[in-house]
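Quick notes on the structure that follows.
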Amino acid sequence: MRIFVEPIGIVRGRMCPQVVDIDGDCAVGELIESLNFPAKLNVIAVTDGRRVASNEKLQDGATVKLVSLALGG
């Protein structure tokens with residue numbers, strides 16, 4: 001399965017847009033975990049204009065935008 005990963009905002013400083021090849025099924029959380037982001041980044045995924053739950057399975061050819069939630073005040 002081929003997934004297109006597009007980093008947005010601060011996540012772009014950690015990685016470049018890339019294609020990830022995965023054997024078998026993969027959930028969004030597994031994809032994020034495999035990219036080894038620090039927990040403090042609090043990365044979420046957006047696909048087809050909506051936030052995707054970490055347990056949602058990805059489809060072959062999906063484009064996943066990775067974004068860090070803004071925190072602070």
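Identifiers in this document derive from the order of the structure tokens: chains are assigned A, B, ..., residues are numbered from 1 separately in each chain, and ligands are numbered from 1 in order of occurrence.
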Within 7 Å of A:Val67 using only C-alpha atoms, minus same-chain residues under 6 positions, as a count of residues only:
7
Excluding A:Asp23 and its own-chain neighbours fewer than 3 positions away, which residues fall within 12 Å of it when counting only C-alpha atoms? Please give them as an mmCIF file with C-alpha atoms, in the first residue's frame.
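So the final result, stored in out.cif, reads:
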```cif
data_model
loop_
_atom_site.group_PDB
_atom_site.id
_atom_site.type_symbol
_atom_site.label_atom_id
_atom_site.label_comp_id
_atom_site.auth_asym_id
_atom_site.auth_seq_id
_atom_site.Cartn_x
_atom_site.Cartn_y
_atom_site.Cartn_z
ATOM 1 C CA MET A 1 0.000 0.000 0.000
ATOM 2 C CA ARG A 2 1.287 3.451 -0.897
ATOM 3 C CA ILE A 3 0.457 6.490 1.272
ATOM 4 C CA VAL A 20 5.416 5.707 2.443
ATOM 5 C CA CYS A 26 -2.299 0.350 8.358
ATOM 6 C CA ALA A 27 -4.181 2.604 10.750
ATOM 7 C CA LEU A 31 1.570 5.522 10.349
ATOM 8 C CA LEU A 58 -5.896 4.015 5.451
ATOM 9 C CA ASP A 60 -4.091 2.635 -0.816
#
```
If you measure from atom CA of A:Ala53 to atom CA of A:Leu66, what distance in Å do you get, rounded to one decimal?
12.4 Å
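Near A:Pro17, within a cut-off of 9 Å and counting only C-alpha atoms, sit the residues A:Phe4, A:Val5, A:Glu6, A:Pro7, A:Arg12, with same-chain residues fewer than 4 positions away left out.
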Residue nearest A:Leu41 - candidates A:Ser54, A:Thr63, A:Ser68, A:Gln18, atoms counted: only C-alpha atoms
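Among the listed residues, the smallest separation from A:Leu41 belongs to A:Ser68.
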Would you work out the distance separating atom CA of A:Asp48 from atom CA of A:Asp21, expressed in Å to one decimal?
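One can read the atom CA of A:Asp48 to atom CA of A:Asp21 distance as 19.5 Å.
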If you count only C-alpha atoms, which residues fall within 7 Å of A:Thr47, apart from same-chain ones fewer than 3 positions away, as a ChimeraX atom specification?
/A:50-52,63-65
Under the rule that only C-alpha atoms are counted, which of A:Ile10, A:Ile32, A:Asp25, A:Ala70 is the nearest residue to A:Val46?
A:Ile32
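When atom CA of A:Arg14 is paired with atom CA of A:Val28, their separation reads 17.9 Å.
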